[in-house]
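One structure is given here, and the rest of the page talks about it.
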Amino acid sequence: MPKESPRILAVNPGSRYIGFAAFRGPELLDWGVRVITAKTPRGRVRVAGHILKEAIERFQPDTLAVKRLDSSRSSTSLDRLTDSIRELSRRRKLKVHQYSITQLKHGLCSEVNGNKRRLAAEVAGTYPILSRYFQKEMANRHPYHLRMFEAVALGVVCYRQAEK
């Protein structure tokens, strides 16, 4: 009997934006960036939690892949958000895997010294449907879709590790 493909929800949390990607096995089902509109830190955590709950209800994942935040670039608000994600995962009985940006680069970039844009290029190469977002991102001075590309990379790395 064939093994059922894992359902993975990959999340790249931030204080203003959340990048996400949903997978069934290696198949990319949905992707995007959600804007956190709340003005206060507590409000941002609440809105981000609501965004995640919606995504969990919609995609019914069995695994959550989350970007591990760099402690030097984190804030109290982001720490609360990651705590909230862990608690939500525990309540929903989801497996949680965290990956640093370095782990994502090592897992996907063919070059030794990959950067976030190189990571996005690798993701767009793997999923050509994302190419137009990649082209837009390369033209942007301020990154917007990079959060989404990192979320897709999280899902890919998580799936590959699950298959080992």
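Naming scheme: A, B, ... for chains in displayed order of the structure tokens; residues 1 onward per chain; ligands 1 onward as shown.
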
Within 10 Å of Ala65 (chain A) using only C-alpha atoms, minus same-chain residues under 4 positions, as a PyMOL selection string = chain A and resi 8-12+20-22+94-99+151-159

Keeping only C-alpha atoms, write the selected residues as an mmCIF file, in the first residue's frame.
data_model
loop_
_atom_site.group_PDB
_atom_site.id
_atom_site.type_symbol
_atom_site.label_atom_id
_atom_site.label_comp_id
_atom_site.auth_asym_id
_atom_site.auth_seq_id
_atom_site.Cartn_x
_atom_site.Cartn_y
_atom_site.Cartn_z
ATOM 1 C CA ILE A 8 3.067 20.461 4.789
ATOM 2 C CA LEU A 9 2.263 24.060 5.633
ATOM 3 C CA ALA A 10 5.439 26.142 5.452
ATOM 4 C CA VAL A 11 5.465 29.472 7.284
ATOM 5 C CA ASN A 12 7.958 32.316 7.241
ATOM 6 C CA PHE A 20 3.333 30.747 3.382
ATOM 7 C CA ALA A 21 3.298 27.728 1.111
ATOM 8 C CA ALA A 22 1.122 24.617 1.217
ATOM 9 C CA LEU A 94 1.102 18.949 14.173
ATOM 10 C CA LYS A 95 4.715 17.948 13.729
ATOM 11 C CA VAL A 96 6.884 21.071 13.689
ATOM 12 C CA HIS A 97 10.212 21.394 11.899
ATOM 13 C CA GLN A 98 12.263 24.570 12.084
ATOM 14 C CA TYR A 99 14.943 25.516 9.581
ATOM 15 C CA ALA A 151 8.315 29.604 2.733
ATOM 16 C CA VAL A 152 8.360 27.480 -0.436
ATOM 17 C CA ALA A 153 11.996 26.599 0.285
ATOM 18 C CA LEU A 154 10.969 25.560 3.812
ATOM 19 C CA GLY A 155 8.368 23.190 2.404
ATOM 20 C CA VAL A 156 10.760 21.697 -0.138
ATOM 21 C CA VAL A 157 13.484 21.065 2.444
ATOM 22 C CA CYS A 158 10.964 19.633 4.903
ATOM 23 C CA TYR A 159 9.521 17.285 2.268
#

Next on the checklist: Would you pick out the contacts of region 124-136 of chain A at 12 Å or less, using only C-alpha atoms, so that residues sharing its chain but fewer than 5 positions from it are not included, and give the list as a list in words?
Outcome noted: Ala21, Pro26, Glu27, Leu28, Leu29, Asp30, Trp31, Gly32, Val33, Leu108, Cys109, Ser110, Lys116, Arg117, Arg118, Leu119, Arg141, His142, Pro143, Tyr144, His145, Leu146, Arg147, Met148, Phe149, Glu150, Val152, Ala153 and Val156 of chain A

Task: Counting only C-alpha atoms, the option among A:Ile56, A:Ala38, A:Ile51, A:Val45 closest to Gly19 (chain A) - done: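 For Gly19 (chain A), the nearest of the given residues is A:Ile51.
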
So which residues of region 3-163 of chain A fall under strand (DSSP E) by DSSP, listed as JSON, numbers by chain?
-> {"A": [7, 8, 9, 10, 11, 12, 17, 18, 19, 20, 21, 22, 23, 24, 27, 28, 29, 30, 31, 32, 33, 34, 35, 63, 64, 65, 66, 67, 95, 96, 97, 98, 99]}

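If you look at CA of Ile36 (chain A) and CA of His50 (chain A), they are 10.0 Å away from each other.
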
Practice prompt. List every residue of region 16-93 of chain A that DSSP, applied to the backbone of this structure, places in helix (DSSP H, G or I), and write the result as a ChimeraX atom specification.
Written response: /A:41-59,71-73,76-91

Nearby residues (only C-alpha atoms) at most 9 Å from Ala48 (chain A), same-chain spacing under 6 positions excluded, as a list of chain:residue names
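Skipping anything fewer than 6 positions along the chain leaves A:Pro13, A:Gly14, A:Ser15, A:Tyr17, A:Ile18, A:Arg34, A:Val35, A:Ile36, A:Leu81.
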
message: Measuring between only C-alpha atoms, which one of A:Leu69, A:Asn115, A:Ala120, A:Gln60 shows the shortest distance to Glu137 (chain A)?
response: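 Counting only C-alpha atoms, the residue closest to Glu137 (chain A) is A:Ala120.
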
>> as an MDAnalysis selection string, please: the residues near Ser84 (chain A) (cut-off 7 Å, only C-alpha atoms, same-chain neighbours under 4 positions excluded).
In response: chainID A and resid 49 80 88

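Between CA of Gln103 (chain A) and CA of Val123 (chain A) lies a distance of 14.4 Å.
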
I'd like to know which of A:Glu163, A:Glu4, A:Glu57, A:Asp62 is closest to Arg90 (chain A), using only C-alpha atoms.
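Using only C-alpha atoms, Arg90 (chain A) sits closest to A:Asp62.
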